[in-house]
Structures are given as structure tokens and as C-alpha cells.
Amino acid sequence: MIGPRARRVVLPLGVFVGLVLVWEAAVIMLGVSPIVLPPPSGVAATMARTAGPIAFHAWHTLLTTLLGFASAVVLGLLLGFAIGGSAVVNDAVYPLLVGFNSIPKAAVVPLLVMWFGIGTVPAVLTAFLLAFFPVAVNVAVGLATLETELRDVLRSLGASRWQVFRKVGVPRTMPLFFASLKVAVSSAFVGSVISETVASNAGIGYLMAVAASDFNTRLAFGGLAVLAAMGVLLYGIFAVIERRMTAWAYAE
Amino acid sequence: MNDPHCARGVPAVTLRDVGYAYVGAGGVTEALAGVSLEIHRGGTVAFVGPSGCGKSTLLKLISGLLNATAGTIAVDGQPVHGPLRNVGMAFQNPVLLPWRTVLDNVLLPLEILRENGDPRAPASDLWRDRAVALLAVVGLKGAERRQPRELSGGMRQRVSLCRALIHQPALLLLDEPFAALDAFTREEMWALYQRLRAEREFTGVLVTHDLREAIFLADTIYVLASHPGRVAHTNRVTLPRPRALAQLYGAEGSELMRIMREQIRPGLESAS
């Protein structure tokens with residue numbers, strides 16, 4: 001028997017390997033054309049052969065994502081602080097924010113391309129637009145749900161609003177903030193790839209668009225595999241950071 | 001000694017015809033009206049009464065967290081217009097900061113006072129000793145480095161009391177501080193309060209639902225009535241100090257209990 005921790009790693013890994021094997025076997029046995037669905041072995045071979053270009057485009061996508069993500073974190077924090085700290089700002093801005101967030105961001109890409117041309121800028125901006133909302137909302141909620149008793153304790157010491165914010169508001173918002181980072185980084189990743197697919201000359205999204213137009217299904221699947229790996233990695237890194245930074249919020 | 005604020009004759013807290021009204025969904029609500037009373041320095045008073053009689057509002061008015069809409073409130077002879085600084089507060093919910101150790105939770109008020117240049121903040125090398133000594137008084141010796149989540153409800157409430165007292169406030173305001181504790185822990189906390197009161201100089205104002213608690217801790221018990229909240233009865237507790245739990249069930253304690261029950265819910269006592 002294996003422990004519950006090992007099981008949580010071994011089980012999904014086993015299912016993954018099993019699916020890949022079924023895929024490989026099905027493609028061979030059913031005689032599926034590789035243009036429709038290449039076998040995993042073929043995808044792997046293509047990936048190995050084009051490792052250099054894939055790495056270049058992956059790096060580009062990563063930078064684009066992180067740039068959009070970083071600006072989303074900064075603006076999301078500021079916006080979240082403003083909304084969570086002031087009922088007036090909340091009433092004025094929050095409905096607009098929700099409305100804006102309900103726009104499918106892919107629809108904004110053509111506008112961004114019109115303004116900034118094809119390339120990295122629209123991709124960074126799309127990443128940013130998708131990522132700032134979860135950060136802003138989580139930070140705002142963390143601040144707005146401060147216990148009134150705690151506020152009273154501090155104010156009866158003569159603490160200013162700024163002191164209440166710094167001593168209590170910010171620290172107690174941190175678990176929500178770090179939780180939002182893993183959501184935001186995934187959103188930023190989605191944003192940059194969408195934009196790259198539509199209008200770019202670099203990045204995995206671009207690579208896949210080109211591969212698709214060449215009917216290079218193997219390379220398209222290779223790009224997909226790289227995206228999956230990058231997505232999991234980015235999420236995982238921020239999940240670990242979250243655990244590390246706010247251990248006090250995860251008491252058993 | 002010429003400082004009028006230190007004079008024994010000036011009450012710690014004076015309320016003159018105090019009222020508080022607020023505008024809510026149903027129009028203007030009068031939460032409190034015509035409250036006049038004096039709280040003597042070093043004494044402890046308790047406010048009891050039915051829910052919604054404005055007990056907690058009264059505490060917020062005294063601390064300056066709310067501004068009275070009628071009448072005047074003075075603390076140490078000075079009118080209250082905004083949040084006071086010489087107040088310690090504790091609530092039913094201990095609201096400790098979960099990311100800080102017990103010690104750092106207790107030190108929070110001193111950090112605020114120092115940042116604000118308050119002369120009552122001691123030099124920071126004395127902080128630790130002062131906090132450790134206070135924690136020892138409430139029976140938390142050795143718990144300084146522990147996290148709030150590791151503590152029982154009673155222990156958290158002790159920490160909360162330490163945080164309320166670390167800056168040696170003139171006024172300690174307690175809003176149902178022991179209501180969430182089990183009966184035995186609550187009685188331990190009463191004894192603890194009595195010990196703190198004997199060791200430190202502060203004026204205590206207690207809001208409670210628990211008549212026994214009020215009798216055990218207070219010198220004067222104000223029974224409030226609602227709609228609008230007002231002082232309906234004033235009861236002096238003359239039990240000698242230090243008090244013992246047995247006194248609550250003695251002749252004076254029992255009689256006081258009976259009287260107050262009658263004051264809060266007229267007819268209920270005689271019917272049963």
C-alpha cells in the first residue's frame with residue numbers, strides 16, 4: 001500500500017500515462033490519418049526535432065505572460081485597496097468592474113491590434129486585462145471584511161485609517177491576495193496565448209496558428225503540450241508561494 | 001496634584017442626558033435617550049438589559065467611536081468628541097491577529113502608540129518584559145511564542161484582555177467579553193478580572209447579559225430598558241471585595257438577582 005500523499009501523485013500520473021497509451025494504440029489500430037490526429041510518439045518526435053524554435057516561442061510567451069501578469073498584480077492591488085478601503089469607491093467602481101469583466105477579452109484583441117499593431121504589446125495587454133480582475137476583487141474582499149471589533153480596538157488606540165490598513169488590513173488580505181495570484185497567472189497565460197494566436201509573430205500561440213495553417217498537426221499538438229506544461233508550472237509555482245507566504249491561514 | 005484630571009473628585013466618566021439616534025431603513029431610530037450617570041475612577045460598572053437596549057452603543061459613545069447625538073460625555077472631565085486614546089477594549093470575539101504570536105498580539109497597542117508619538121508608549125526594550133509580566137498575571141506564562149490558533153477560547157480571551165491592558169489605559173471597556181466561554185471558564189475569567197482590577201488602576205465598563213457576572217464584577221449595575229434605550233434602574237452592589245463565587249448565592253447576591261430579574265422582565269419572577 002502507498003500513503004495518501006504518494007497516491008495523490010501516482011494516481012493522476014498513472015491516468016495520464018494510461019490515456020497517452022490508449023491514444024497511441026487507438027491511432028495505430030484505427031489507422032487514423034496523422035493529419036487528423038498524430039500519435040503521441042509522433043508529437044514527441046516533432047517536438048524533439050523543433051526543440052529550438054519551440055523553446056524560443058515558449059520563452060516569448062512566458063515573458064509576455066509575466067509582463068501582463070506583473071502589471072495586473074500592481075494595478076489589481078491598487079484597485080483592490082481602493083475598493084476595499086472606501087465604500088464610496090466601491091459603490092462607484094465595482095459595478096463597472098464587473099461589467100467590464102463580463103466582456104470576453106478575445107473580443108478586445110482586434111481593437112488592441114488596431115491601436116498597437118501586431119506583436120507583443122496587444123498580447124501583454126490582453127494578459128493584463130484578464131488577470132487584474134481576480135487580484136482586485138480578492139484584495140477588496142479581504143479589506144472589506146475586516147472585523148468591526150478589530151477596527152474598534154485599533155481606533156480606540158488612536159490608530160489612523162492608514163495604520164489600521166497597514167497593521168491589520170494588508171496582512172489579513174494576504175492569503176486572499178496570494179490565492180488570487182495563481183488564478184491571475186493562469187488568466188494572464190490564457191490572455192497572452194489568445195492574442196498571440198490572433199495577431200503576433202512570436203510565441204506558442206503564433207507557433208500553433210502557423211502550424212495549423214500548414215496542416216502540421218504534430219507541431220500544433222506539440223505547442224499544446226508545451227502550453228499545458230507551462231500552465232501547470234505557473235499555477236504550481238504560485239500555489240507553492242501562496243502556501244509559503246500565508247502558512248498561518250492554513251491551520252489544521 | 002494640581003492637575004484637575006488627577007483629582008479624586010472628578011468622575012472617570014460623566015454622561016449628561018446622552019442620546020443617540022441614527023437614520024436607518026425605517027427612518028430615525030432612537031437607540032439611546034436621556035442617559036445620565038457618573039462612573040467613579042477605579043470602579044467597575046455593568047450595563048445589563050434586553051437585547052437592543054443600546055448597551056453596546058453606550059460603550060461606543062463612551063469610547064468616542066460614536067458621537068452622541070444629544071447630551072454630553074466627559075472622560076476625566078474632558079468632553080469626548082472623537083475616539084479616545086486611553087481606552088482598552090475587549091469583545092466577545094477576541095479578534096486576535098492570526099499571523100502574529102501571542103506576544104506580538106499583546107504588543108500591537110504599543111506599536112500604534114509609539115508610531116503616533118504617544119508619551120505612554122514605553123521604550124521598546126521594556127515592551128517584552130511588560131507583556132510577559134502581564135501574560136503571567138492572566139496565567140499565560142510561557143505561551144508568548146504560541147500562535148492564536150493553538151489556544152483555547154478562554155486563553156484567546158485572556159490574550160485579548162492583555163492586549164486591552166498593555167498600554168495601561170484609564171478605561172477598560174468590555175462588551176460581553178466572556179459570553180462565548182463555557183460556564184467554568186467564564187467563572188475563571190471573573191476571578192481573573194478581579195485580580196487585574198486589584199493590581200492595575202483602571203475604570204471598568206462592562207456590558208453583559210449575565211446577571212451573575214455583573215454582580216460579581218461591578219460596583220454599580222445599570223439596568224437598561226429599550227425603545228429607546230435608557231437607564232431604568234440603578235443597583236449598587238455592596239458585596240465586600242475580593243468577592244467569592246459563593247457570595248453570588250448568599251442572601252445579598254440572591255436578592256439582587258431577584259430584583260434585577262424583576263426589573264428586566266417585570267412579572268416573570270412572581271409568576272414562576
# chains A, B, ... in the order shown; residues from 1 in each chain; ligands from 1

call {"tool": "residues_around", "arguments": {"residues": "B:Leu134", "least_positions_apart": "6", "cutoff": "12 Å", "atoms": "only C-alpha atoms", "output": "number ranges by chain"}}
result
B: 102-103, 106-107, 127-128, 140-144, 158-168, 192, 195-196, 199-200

call {"tool": "write_last_selection", "arguments": {"atoms": "C-alpha atoms", "output": "mmCIF file, in the first residue's frame"}}
result
data_model
loop_
_atom_site.group_PDB
_atom_site.id
_atom_site.type_symbol
_atom_site.label_atom_id
_atom_site.label_comp_id
_atom_site.auth_asym_id
_atom_site.auth_seq_id
_atom_site.Cartn_x
_atom_site.Cartn_y
_atom_site.Cartn_z
ATOM 1 C CA VAL B 102 0.590 35.782 21.365
ATOM 2 C CA LEU B 103 3.332 38.202 22.399
ATOM 3 C CA VAL B 106 -0.325 41.886 23.000
ATOM 4 C CA LEU B 107 2.281 44.378 21.773
ATOM 5 C CA TRP B 127 7.894 46.136 25.900
ATOM 6 C CA ARG B 128 8.695 42.482 26.052
ATOM 7 C CA LEU B 140 -0.273 32.549 30.090
ATOM 8 C CA LYS B 141 3.312 32.277 31.230
ATOM 9 C CA GLY B 142 5.342 30.518 28.562
ATOM 10 C CA ALA B 143 2.704 30.992 25.846
ATOM 11 C CA GLU B 144 4.376 34.086 24.350
ATOM 12 C CA ARG B 158 -7.012 36.207 28.151
ATOM 13 C CA VAL B 159 -4.721 37.384 25.361
ATOM 14 C CA SER B 160 -7.404 39.803 24.245
ATOM 15 C CA LEU B 161 -7.599 41.192 27.796
ATOM 16 C CA CYS B 162 -3.808 41.597 27.859
ATOM 17 C CA ARG B 163 -3.950 43.497 24.583
ATOM 18 C CA ALA B 164 -6.631 45.730 26.096
ATOM 19 C CA LEU B 165 -4.473 46.465 29.170
ATOM 20 C CA ILE B 166 -0.876 46.530 27.874
ATOM 21 C CA HIS B 167 -0.866 50.302 27.353
ATOM 22 C CA GLN B 168 -2.288 50.801 30.853
ATOM 23 C CA LEU B 192 -9.020 36.964 36.682
ATOM 24 C CA ARG B 195 -7.184 40.067 40.183
ATOM 25 C CA LEU B 196 -6.363 42.506 37.375
ATOM 26 C CA GLU B 199 -3.288 45.048 40.563
ATOM 27 C CA ARG B 200 -3.887 47.752 37.999
#

call {"tool": "closest_atom_pairs", "arguments": {"of": "stretch 102-195 of chain A", "to": "stretch 237-244 of chain A", "cutoff": "7 Å", "atoms": "only C-alpha atoms", "output": "Markdown table"}}
result
| residue | atom | partner | partner_atom | distance |
| --- | --- | --- | --- | --- |
| A:Phe178 | CA | A:Glu242 | CA | 5.0 |
| A:Ala179 | CA | A:Glu242 | CA | 6.2 |
| A:Leu181 | CA | A:Phe238 | CA | 6.5 |
| A:Lys182 | CA | A:Phe238 | CA | 5.1 |

call {"tool": "closest_atom_pairs", "arguments": {"of": "chain B", "to": "chain A", "cutoff": "9 Å", "atoms": "only C-alpha atoms", "output": "CSV"}}
result
residue,atom,partner,partner_atom,distance
B:Lys60,CA,A:Asp152,CA,8.6
B:Ser63,CA,A:Ser156,CA,6.7
B:Gly64,CA,A:Ser156,CA,7.8
B:Leu65,CA,A:Ser156,CA,7.1
B:Pro83,CA,A:Ser156,CA,5.6
B:Leu84,CA,A:Ser156,CA,5.7
B:Arg85,CA,A:Leu157,CA,4.6
B:Asn86,CA,A:Leu157,CA,6.7
B:Val87,CA,A:Ser156,CA,5.8
B:Gly88,CA,A:Ser156,CA,7.0
B:Met89,CA,A:Val153,CA,5.7
B:Ala90,CA,A:Val153,CA,7.4
B:Phe91,CA,A:Glu149,CA,6.9
B:Asn93,CA,A:Glu149,CA,7.6
B:Pro94,CA,A:Glu149,CA,8.4
B:Val95,CA,A:Leu150,CA,6.0
B:Leu96,CA,A:Leu150,CA,8.1
B:Leu97,CA,A:Val168,CA,7.6
B:Pro98,CA,A:Trp248,CA,6.5
B:Trp99,CA,A:Trp248,CA,5.6
B:Arg100,CA,A:Trp248,CA,8.7
B:Leu108,CA,A:Lys167,CA,8.5
B:Pro109,CA,A:Leu157,CA,6.6
B:Ile112,CA,A:Ala159,CA,6.3
B:Leu113,CA,A:Leu157,CA,7.0
B:Glu115,CA,A:Gln163,CA,9.0
B:Asn116,CA,A:Ala159,CA,7.8
B:Gln147,CA,A:Trp248,CA,8.5
B:Arg149,CA,A:Ala251,CA,7.3
B:Glu150,CA,A:Ala251,CA,9.0
B:Ala164,CA,A:Val153,CA,8.0

call {"tool": "residues_around", "arguments": {"residues": "A:Val36", "least_positions_apart": "2", "cutoff": "9 Å", "atoms": "only C-alpha atoms", "output": "MDAnalysis selection string"}}
result
chainID A and resid 32:34 38 215 217

call {"tool": "write_last_selection", "arguments": {"atoms": "C-alpha atoms", "output": "PDB file, in the first residue's frame"}}
result
ATOM      1  CA  VAL A  32      -6.220   7.468 -38.134  1.00  0.00           C
ATOM      2  CA  SER A  33      -4.501   9.836 -40.545  1.00  0.00           C
ATOM      3  CA  PRO A  34      -1.667  11.723 -38.731  1.00  0.00           C
ATOM      4  CA  PRO A  38      -0.994  12.210 -34.777  1.00  0.00           C
ATOM      5  CA  PHE A 215      -1.690  21.359 -41.546  1.00  0.00           C
ATOM      6  CA  THR A 217      -0.920  18.747 -36.731  1.00  0.00           C
TER       7      THR A 217
END

call {"tool": "closest_atom_pairs", "arguments": {"of": "stretch 136-238 of chain B", "to": "stretch 19-42 of chain B", "cutoff": "9 Å", "atoms": "only C-alpha atoms", "output": "tab-separated table"}}
result
residue	atom	partner	partner_atom	distance
B:Ala170	CA	B:Gly42	CA	8.5
B:Leu171	CA	B:Gly42	CA	8.9
B:Arg197	CA	B:Gly42	CA	8.1
B:Glu201	CA	B:Gly42	CA	6.1
B:Phe202	CA	B:Gly42	CA	5.2
B:Thr203	CA	B:Gly42	CA	4.4
B:Gly204	CA	B:Gly42	CA	7.2
B:Val205	CA	B:Ile39	CA	8.5
B:Thr220	CA	B:Ile39	CA	8.7
B:Ser226	CA	B:Ala31	CA	7.9
B:His227	CA	B:Ala31	CA	7.0
B:Pro228	CA	B:Leu32	CA	5.3
B:Gly229	CA	B:Leu32	CA	4.2
B:Arg230	CA	B:Ala33	CA	5.7
B:Val231	CA	B:Val35	CA	6.2

call {"tool": "write_last_selection", "arguments": {"atoms": "N, CA and C atoms", "output": "mmCIF file, in the first residue's frame"}}
result
data_model
loop_
_atom_site.group_PDB
_atom_site.id
_atom_site.type_symbol
_atom_site.label_atom_id
_atom_site.label_comp_id
_atom_site.auth_asym_id
_atom_site.auth_seq_id
_atom_site.Cartn_x
_atom_site.Cartn_y
_atom_site.Cartn_z
ATOM 1 N N ALA B 170 -6.736 54.124 31.019
ATOM 2 C CA ALA B 170 -7.515 54.561 32.173
ATOM 3 C C ALA B 170 -8.881 53.891 32.169
ATOM 4 N N LEU B 171 -9.351 53.547 30.979
ATOM 5 C CA LEU B 171 -10.688 52.964 30.828
ATOM 6 C C LEU B 171 -10.589 51.599 30.157
ATOM 7 N N ARG B 197 -7.996 43.920 38.424
ATOM 8 C CA ARG B 197 -8.523 45.149 38.997
ATOM 9 C C ARG B 197 -7.788 45.518 40.280
ATOM 10 N N GLU B 201 -4.626 50.003 37.830
ATOM 11 C CA GLU B 201 -5.593 51.076 38.005
ATOM 12 C C GLU B 201 -6.343 51.302 36.716
ATOM 13 N N PHE B 202 -7.581 50.910 36.696
ATOM 14 C CA PHE B 202 -8.399 51.281 35.549
ATOM 15 C C PHE B 202 -9.845 51.330 35.988
ATOM 16 N N THR B 203 -10.627 52.027 35.189
ATOM 17 C CA THR B 203 -12.058 52.089 35.421
ATOM 18 C C THR B 203 -12.703 51.130 34.433
ATOM 19 N N GLY B 204 -13.509 50.231 34.936
ATOM 20 C CA GLY B 204 -14.073 49.208 34.063
ATOM 21 C C GLY B 204 -15.520 49.494 33.698
ATOM 22 N N VAL B 205 -15.842 49.315 32.432
ATOM 23 C CA VAL B 205 -17.232 49.425 31.991
ATOM 24 C C VAL B 205 -17.565 48.128 31.267
ATOM 25 N N THR B 220 -21.624 49.026 40.522
ATOM 26 C CA THR B 220 -22.941 49.561 40.199
ATOM 27 C C THR B 220 -23.441 48.856 38.948
ATOM 28 N N SER B 226 -35.461 49.257 26.763
ATOM 29 C CA SER B 226 -35.305 49.595 25.345
ATOM 30 C C SER B 226 -36.437 50.459 24.815
ATOM 31 N N HIS B 227 -36.243 50.925 23.587
ATOM 32 C CA HIS B 227 -37.223 51.742 22.826
ATOM 33 C C HIS B 227 -37.664 52.988 23.553
ATOM 34 N N PRO B 228 -36.872 53.990 23.667
ATOM 35 C CA PRO B 228 -35.439 53.996 23.365
ATOM 36 C C PRO B 228 -34.636 53.453 24.542
ATOM 37 N N GLY B 229 -33.384 53.102 24.280
ATOM 38 C CA GLY B 229 -32.511 52.613 25.339
ATOM 39 C C GLY B 229 -32.330 53.696 26.405
ATOM 40 N N ARG B 230 -32.530 53.319 27.652
ATOM 41 C CA ARG B 230 -32.380 54.296 28.734
ATOM 42 C C ARG B 230 -32.094 53.542 30.025
ATOM 43 N N VAL B 231 -31.571 54.259 31.014
ATOM 44 C CA VAL B 231 -31.310 53.623 32.292
ATOM 45 C C VAL B 231 -32.624 53.544 33.057
#

call {"tool": "residues_around", "arguments": {"residues": "B:Phe178", "least_positions_apart": "4", "cutoff": "8 Å", "atoms": "only C-alpha atoms", "output": "JSON list (two decimals) with C-alpha atoms, in the first residue's frame"}}
result
[["chain", "number", "residue", "atom", "x", "y", "z"],
["B", 92, "GLN", "CA", -17.00, 38.54, 22.86],
["B", 157, "GLN", "CA", -9.84, 35.85, 25.62],
["B", 186, "ARG", "CA", -16.28, 32.22, 32.50],
["B", 189, "MET", "CA", -12.29, 34.90, 33.92]]

call {"tool": "closest_residue", "arguments": {"among": "B:Leu110, B:Val138, B:Pro177, B:Val223", "to": "B:Arg265", "atoms": "only C-alpha atoms"}}
result
B:Val223

call {"tool": "atom_distance", "arguments": {"atom1": "atom CA of B:Asp210", "atom2": "atom CA of B:Gln194"}}
result
16.3 Å

call {"tool": "residues_around", "arguments": {"residues": "A:Leu227", "least_positions_apart": "2", "cutoff": "10 Å", "atoms": "only C-alpha atoms", "output": "PDB file with C-alpha atoms, in the first residue's frame"}}
result
ATOM      1  CA  ALA A  58       7.775  29.329 -25.264  1.00  0.00           C
ATOM      2  CA  THR A  61       5.022  33.516 -24.352  1.00  0.00           C
ATOM      3  CA  LEU A  62       6.375  33.241 -20.823  1.00  0.00           C
ATOM      4  CA  PHE A 189      -1.399  32.971 -19.730  1.00  0.00           C
ATOM      5  CA  VAL A 190      -4.737  32.474 -21.472  1.00  0.00           C
ATOM      6  CA  VAL A 193      -1.859  32.967 -25.953  1.00  0.00           C
ATOM      7  CA  ILE A 204       3.496  29.485 -28.756  1.00  0.00           C
ATOM      8  CA  GLY A 205       0.100  30.831 -29.815  1.00  0.00           C
ATOM      9  CA  PHE A 221      -0.112  19.258 -30.659  1.00  0.00           C
ATOM     10  CA  GLY A 222       3.487  19.888 -29.610  1.00  0.00           C
ATOM     11  CA  GLY A 223       2.582  23.524 -28.942  1.00  0.00           C
ATOM     12  CA  LEU A 224      -0.434  22.388 -26.958  1.00  0.00           C
ATOM     13  CA  ALA A 225       1.731  20.092 -24.842  1.00  0.00           C
ATOM     14  CA  ALA A 229       3.185  22.146 -19.149  1.00  0.00           C
ATOM     15  CA  MET A 230       3.720  25.907 -18.815  1.00  0.00           C
ATOM     16  CA  GLY A 231       0.217  26.438 -17.449  1.00  0.00           C
ATOM     17  CA  VAL A 232       0.621  23.755 -14.811  1.00  0.00           C
ATOM     18  CA  LEU A 233       4.069  25.039 -13.884  1.00  0.00           C
TER      19      LEU A 233
END

call {"tool": "closest_residue", "arguments": {"among": "B:Pro169, B:Gly54, B:Gly154, B:Gly49", "to": "B:Thr185", "atoms": "only C-alpha atoms"}}
result
B:Gly154

call {"tool": "residues_around", "arguments": {"residues": "stretch 15-23 of chain A", "least_positions_apart": "3", "cutoff": "7 Å", "atoms": "only C-alpha atoms", "output": "PDB file with C-alpha atoms, in the first residue's frame"}}
result
ATOM      1  CA  LEU A  11      -2.773   8.156  -9.384  1.00  0.00           C
ATOM      2  CA  PRO A  12      -3.112  11.152 -11.747  1.00  0.00           C
ATOM      3  CA  ALA A  26      -6.121   3.860 -30.935  1.00  0.00           C
ATOM      4  CA  VAL A  27      -4.339   5.908 -33.599  1.00  0.00           C
ATOM      5  CA  PRO A  39       0.148   9.563 -32.282  1.00  0.00           C
ATOM      6  CA  PRO A  40       1.833  10.869 -29.102  1.00  0.00           C
TER       7      PRO A  40
END

call {"tool": "select_by_dssp", "arguments": {"residues": "stretch 32-237 of chain B", "states": "alpha helix (DSSP H)", "output": "PyMOL selection string"}}
result
chain B and resi 55-63+102-115+124-137+153-165+183-199+211-217

call {"tool": "residues_around", "arguments": {"residues": "B:Leu206", "least_positions_apart": "6", "cutoff": "10 Å", "atoms": "only C-alpha atoms", "output": "JSON, numbers by chain"}}
result
{"B": [44, 45, 46, 47, 48, 55, 56, 59, 90, 172, 173, 174, 175, 176, 177, 213, 214, 217, 218, 221]}

call {"tool": "select_by_dssp", "arguments": {"residues": "stretch 127-210 of chain B", "states": "strand (DSSP E)", "output": "list in words"}}
result
Leu171, Leu172, Leu173, Leu174, Asp175, Thr203, Gly204, Val205, Leu206 and Val207 of chain B

call {"tool": "write_last_selection", "arguments": {"atoms": "N, CA and C atoms", "output": "tab-separated table (two decimals), in the first residue's frame"}}
result
chain	number	residue	atom	x	y	z
B	171	LEU	N	-9.35	53.55	30.98
B	171	LEU	CA	-10.69	52.96	30.83
B	171	LEU	C	-10.59	51.60	30.16
B	172	LEU	N	-11.25	50.62	30.76
B	172	LEU	CA	-11.32	49.31	30.11
B	172	LEU	C	-12.78	49.05	29.76
B	173	LEU	N	-13.06	48.93	28.47
B	173	LEU	CA	-14.43	48.74	28.02
B	173	LEU	C	-14.60	47.29	27.55
B	174	LEU	N	-15.53	46.58	28.16
B	174	LEU	CA	-15.70	45.16	27.86
B	174	LEU	C	-17.12	44.92	27.36
B	175	ASP	N	-17.23	44.43	26.13
B	175	ASP	CA	-18.54	44.18	25.54
B	175	ASP	C	-18.78	42.67	25.51
B	203	THR	N	-10.63	52.03	35.19
B	203	THR	CA	-12.06	52.09	35.42
B	203	THR	C	-12.70	51.13	34.43
B	204	GLY	N	-13.51	50.23	34.94
B	204	GLY	CA	-14.07	49.21	34.06
B	204	GLY	C	-15.52	49.49	33.70
B	205	VAL	N	-15.84	49.32	32.43
B	205	VAL	CA	-17.23	49.42	31.99
B	205	VAL	C	-17.56	48.13	31.27
B	206	LEU	N	-18.56	47.43	31.79
B	206	LEU	CA	-18.86	46.08	31.31
B	206	LEU	C	-20.28	46.03	30.76
B	207	VAL	N	-20.41	45.47	29.58
B	207	VAL	CA	-21.73	45.18	29.04
B	207	VAL	C	-21.91	43.68	29.10

call {"tool": "atom_distance", "arguments": {"atom1": "atom CA of A:Phe100", "atom2": "atom CA of A:Tyr206"}}
result
26.7 Å

call {"tool": "closest_residue", "arguments": {"among": "A:Leu112, A:Leu97, A:Ala220, A:Leu207", "to": "A:Gly76", "atoms": "only C-alpha atoms"}}
result
A:Leu97

call {"tool": "decode", "arguments": {"residues": "stretch 186-246 of chain A", "atoms": "C-alpha atoms", "output": "short mmCIF file (atom, residue, chain, number, x, y, z; two decimals), in the first residue's frame"}}
result
data_model
loop_
_atom_site.label_atom_id
_atom_site.label_comp_id
_atom_site.auth_asym_id
_atom_site.auth_seq_id
_atom_site.Cartn_x
_atom_site.Cartn_y
_atom_site.Cartn_z
CA SER A 186 -3.40 31.32 -15.37
CA SER A 187 -5.67 34.05 -16.75
CA ALA A 188 -2.69 36.07 -17.98
CA PHE A 189 -1.40 32.97 -19.73
CA VAL A 190 -4.74 32.47 -21.47
CA GLY A 191 -4.75 36.14 -22.49
CA SER A 192 -1.28 36.18 -24.00
CA VAL A 193 -1.86 32.97 -25.95
CA ILE A 194 -5.23 34.19 -27.32
CA SER A 195 -3.60 37.36 -28.56
CA GLU A 196 -0.59 35.51 -30.00
CA THR A 197 -2.89 33.18 -31.88
CA VAL A 198 -4.74 36.07 -33.48
CA ALA A 199 -2.06 38.66 -34.02
CA SER A 200 1.58 38.04 -33.30
CA ASN A 201 4.82 36.94 -34.88
CA ALA A 202 6.21 35.10 -31.91
CA GLY A 203 5.00 32.94 -29.05
CA ILE A 204 3.50 29.48 -28.76
CA GLY A 205 0.10 30.83 -29.82
CA TYR A 206 1.69 32.14 -33.02
CA LEU A 207 3.57 28.85 -33.49
CA MET A 208 0.32 26.92 -33.27
CA ALA A 209 -1.51 29.25 -35.64
CA VAL A 210 1.29 28.80 -38.19
CA ALA A 211 1.38 25.02 -37.65
CA ALA A 212 -2.38 24.83 -38.13
CA SER A 213 -2.25 26.82 -41.38
CA ASP A 214 0.43 24.36 -42.63
CA PHE A 215 -1.69 21.36 -41.55
CA ASN A 216 1.27 20.48 -39.30
CA THR A 217 -0.92 18.75 -36.73
CA ARG A 218 2.08 17.26 -34.92
CA LEU A 219 3.58 20.66 -34.25
CA ALA A 220 0.20 22.06 -33.21
CA PHE A 221 -0.11 19.26 -30.66
CA GLY A 222 3.49 19.89 -29.61
CA GLY A 223 2.58 23.52 -28.94
CA LEU A 224 -0.43 22.39 -26.96
CA ALA A 225 1.73 20.09 -24.84
CA VAL A 226 4.13 22.95 -24.12
CA LEU A 227 1.23 25.23 -23.17
CA ALA A 228 -0.18 22.60 -20.83
CA ALA A 229 3.19 22.15 -19.15
CA MET A 230 3.72 25.91 -18.81
CA GLY A 231 0.22 26.44 -17.45
CA VAL A 232 0.62 23.76 -14.81
CA LEU A 233 4.07 25.04 -13.88
CA LEU A 234 2.95 28.67 -13.49
CA TYR A 235 -0.05 27.65 -11.40
CA GLY A 236 2.08 25.30 -9.31
CA ILE A 237 4.72 27.92 -8.58
CA PHE A 238 2.16 30.39 -7.30
CA ALA A 239 0.31 27.72 -5.35
CA VAL A 240 3.58 26.94 -3.53
CA ILE A 241 4.30 30.65 -2.94
CA GLU A 242 0.80 31.02 -1.51
CA ARG A 243 1.36 28.20 0.97
CA ARG A 244 4.74 29.57 1.98
CA MET A 245 3.68 33.17 2.45
CA THR A 246 0.49 32.63 4.41
#
